[in-house]
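Engineer: One structure, pasted below without further comment.
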Amino acid sequence: MVAKKLKMIKRGVLIVIEGIDGAGKSTQAEKLLKFLVDNGYEAVGLTEPTDGPWGRKIREMAGRGEREGTPEEEYRLFTLDRAENVERNIAPAINEKKIVILDRYYFSTMAYQGARGLDPKRVMEESGKFAPRPDLVLLIEIPVVECLNRIKRGRGDFSPFEREEYLKRVKEIFDREVAPLPNVVKVDGTRGEDSVFEEIRDIVMELLTSLTL
């Protein structure tokens, strides 16, 4: 079998996929990663929270349906997890001129912890001191009711993070604080996942075409 020739790019690229729970972020991140690797790009897939010690604590709390601590405590855990992710995974991959596909980033912290009372601008400012700025943020947009219907069909129950009124506040922050930022592109997530992916693929390839050697 002939080895596939790698497509080299001028520099590392960070692509983030965002949106509320049930929007299809993880599905699209996986499809994008597979597409890039199949087409010869060096790409890695990461997620927040991570599988590191801080990320595991966040996931364990969520799995138990807990809202332990204040929004400040939640924010502290996410910040520690993100700093570790940047140091161990994101920054090295970017330095090696790879494409990083990240399922959630500090934009989710802005929205989710912002919906609990934190200032989203503070989150962005403080994360920006150590977290690389993305080249592209794909914000998958979908009504809260549809997201909840998807979650119910898939899992049958909801976590404390997946209540309608809370997710409405989260979506409002995404719309107000994240959508207008540079390099953010909104994607209509109400269509079938293949149609959504085709749009995401075209947006990403437009970016990569200018960076491919």
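Residue names in the structure tokens use chain letters A, B, ... in the order shown, residue numbers from 1 in each chain, and ligand numbers from 1 in the order shown.
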Taking the backbone alone, and naming residues the way the document does, which bits of range 85-203 of chain A are strand (DSSP E or B) by DSSP, as JSON, numbers by chain?
Structural biologist: {"A": [99, 100, 101, 102, 103, 136, 137, 138, 139, 140, 141, 184, 185, 186, 187, 188]}
Engineer: With a distance cut-off of 7 Å and only C-alpha atoms, select the neighbouring residues of Asp81 in chain A, excluding the residue or stretch itself and same-chain residues fewer than 5 positions from it, and output the selection as a PyMOL selection string.
Structural biologist: chain A and resi 49-50+54-55
Engineer: Write the residues of the preceding selection, restricted to C-alpha atoms, as a PDB file, in the first residue's frame.
Structural biologist:
```
ATOM      1  CA  PRO A  49     -13.345  19.380  29.623  1.00  0.00           C
ATOM      2  CA  THR A  50     -10.334  17.128  29.033  1.00  0.00           C
ATOM      3  CA  TRP A  54      -9.249  18.760  36.440  1.00  0.00           C
ATOM      4  CA  GLY A  55     -11.373  17.701  33.499  1.00  0.00           C
TER       5      GLY A  55
END
```
Engineer: With only C-alpha atoms counted and 7 Å as the cut-off, give the residues of range 151-199 of chain A in contact with range 13-31 of chain A, each with its shortest interatomic distance in Å and the pair that gives it, as a Markdown table.
Structural biologist:
```
| residue | atom | partner | partner_atom | distance |
| --- | --- | --- | --- | --- |
| A:Ile151 | CA | A:Gly22 | CA | 5.8 |
| A:Lys171 | CA | A:Ile20 | CA | 6.6 |
| A:Gly189 | CA | A:Ala23 | CA | 6.4 |
| A:Phe197 | CA | A:Gln28 | CA | 6.3 |
```
Engineer: List the neighbours of range 113-125 of chain A out to 10 Å using only C-alpha atoms; skip same-chain residues closer than 4 positions along the sequence, and give me the result as a list in words.
Structural biologist: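 Once the adjacent positions are removed, what remains is Thr70, Pro71, Glu72, Glu74, Tyr75, Phe78, Thr79, Tyr106, Phe107, Ser108, Thr109, Lys129, Phe130, Ala131, Glu165, Tyr166, Leu167, Lys168, Arg169, Val170, Lys171, Glu172, Ile173, Phe174, Glu177 and Val178 of chain A.
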Engineer: Could you please write out, as a ChimeraX atom specification, every residue of range 21-164 of chain A that DSSP assigns to alpha helix (DSSP H)?
Structural biologist: /A:25-38,53-63,71-85,91-95,106-112,120-127,144-154,164
Engineer: Write to file, as a tab-separated table (two decimals), in the first residue's frame, the residues of the selection just made, with C-alpha atoms.
Structural biologist:
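Ended up saving to selection-v3.tsv:
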```tsv
chain	number	residue	atom	x	y	z
A	25	LYS	CA	-20.68	19.76	18.20
A	26	SER	CA	-19.05	16.43	19.01
A	27	THR	CA	-20.49	14.73	15.92
A	28	GLN	CA	-19.23	17.50	13.65
A	29	ALA	CA	-15.83	17.62	15.35
A	30	GLU	CA	-15.39	13.88	14.75
A	31	LYS	CA	-16.51	14.13	11.12
A	32	LEU	CA	-14.18	17.06	10.48
A	33	LEU	CA	-11.21	15.31	12.07
A	34	LYS	CA	-11.78	12.18	9.98
A	35	PHE	CA	-12.17	14.21	6.80
A	36	LEU	CA	-8.92	16.10	7.35
A	37	VAL	CA	-6.91	13.01	8.24
A	38	ASP	CA	-8.37	11.09	5.28
A	53	PRO	CA	-7.34	15.47	36.50
A	54	TRP	CA	-9.25	18.76	36.44
A	55	GLY	CA	-11.37	17.70	33.50
A	56	ARG	CA	-12.19	14.37	35.16
A	57	LYS	CA	-13.38	16.21	38.25
A	58	ILE	CA	-15.65	18.41	36.14
A	59	ARG	CA	-17.04	15.37	34.31
A	60	GLU	CA	-17.57	13.44	37.54
A	61	MET	CA	-19.52	16.34	39.03
A	62	ALA	CA	-21.64	16.62	35.89
A	63	GLY	CA	-22.20	12.87	35.80
A	71	PRO	CA	-19.83	29.78	39.55
A	72	GLU	CA	-16.37	31.00	40.62
A	73	GLU	CA	-15.40	27.47	41.69
A	74	GLU	CA	-16.67	26.00	38.41
A	75	TYR	CA	-14.74	28.68	36.55
A	76	ARG	CA	-11.56	27.87	38.50
A	77	LEU	CA	-11.78	24.20	37.54
A	78	PHE	CA	-12.38	24.98	33.86
A	79	THR	CA	-9.49	27.44	33.86
A	80	LEU	CA	-7.09	24.94	35.43
A	81	ASP	CA	-8.21	22.28	32.95
A	82	ARG	CA	-7.81	24.66	30.01
A	83	ALA	CA	-4.35	25.81	31.08
A	84	GLU	CA	-3.21	22.20	31.27
A	85	ASN	CA	-4.77	21.44	27.88
A	91	ALA	CA	0.32	24.60	22.04
A	92	PRO	CA	2.58	21.63	21.13
A	93	ALA	CA	0.29	20.62	18.25
A	94	ILE	CA	0.16	24.17	16.91
A	95	ASN	CA	3.96	24.46	17.20
A	106	TYR	CA	-13.37	29.31	26.55
A	107	PHE	CA	-16.41	30.48	24.58
A	108	SER	CA	-18.44	27.75	26.30
A	109	THR	CA	-17.16	28.95	29.67
A	110	MET	CA	-18.25	32.46	28.73
A	111	ALA	CA	-21.75	31.17	27.96
A	112	TYR	CA	-22.31	28.47	30.57
A	120	PRO	CA	-18.39	36.68	29.96
A	121	LYS	CA	-15.96	39.45	29.02
A	122	ARG	CA	-13.85	38.66	32.08
A	123	VAL	CA	-13.68	34.99	31.05
A	124	MET	CA	-12.53	35.93	27.55
A	125	GLU	CA	-9.97	38.41	28.83
A	126	GLU	CA	-8.46	36.05	31.40
A	127	SER	CA	-8.40	33.03	29.09
A	144	VAL	CA	-33.07	25.34	22.56
A	145	VAL	CA	-36.27	23.32	22.21
A	146	GLU	CA	-34.80	21.31	19.33
A	147	CYS	CA	-31.61	20.65	21.32
A	148	LEU	CA	-33.63	19.35	24.25
A	149	ASN	CA	-35.63	17.12	21.92
A	150	ARG	CA	-32.40	15.67	20.54
A	151	ILE	CA	-31.04	15.05	24.03
A	152	LYS	CA	-34.28	13.35	25.07
A	153	ARG	CA	-34.24	11.12	21.98
A	154	GLY	CA	-30.62	10.23	22.55
A	164	GLU	CA	-34.65	24.94	29.16
```
Engineer: Write out as a list of chain:residue names each polymer residue whose atoms come within 12 Å of Leu213 in chain A, counting only C-alpha atoms; drop sequence neighbours fewer than 5 positions from it.
Structural biologist: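 Counting only C-alpha atoms, the residues come to A:Leu6, A:Lys7, A:Met8, A:Ile9, A:Lys10, A:Arg11, A:Tyr41, A:Lys97, A:Leu208.
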Engineer: Could you save the residues just selected, with C-alpha atoms, as a PDB file, in the first residue's frame?
Structural biologist:
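out_11.pdb, written as the output of this step:
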```pdb
ATOM      1  CA  LEU A   6       0.926  14.516   3.947  1.00  0.00           C
ATOM      2  CA  LYS A   7      -0.322  17.972   3.092  1.00  0.00           C
ATOM      3  CA  MET A   8       1.902  20.498   4.821  1.00  0.00           C
ATOM      4  CA  ILE A   9       0.582  23.828   6.084  1.00  0.00           C
ATOM      5  CA  LYS A  10       2.450  27.059   6.767  1.00  0.00           C
ATOM      6  CA  ARG A  11       1.580  27.124  10.481  1.00  0.00           C
ATOM      7  CA  TYR A  41      -3.672  16.696   6.835  1.00  0.00           C
ATOM      8  CA  LYS A  97       2.092  22.867  12.425  1.00  0.00           C
ATOM      9  CA  LEU A 208      -6.772  25.757   4.759  1.00  0.00           C
TER      10      LEU A 208
END
```
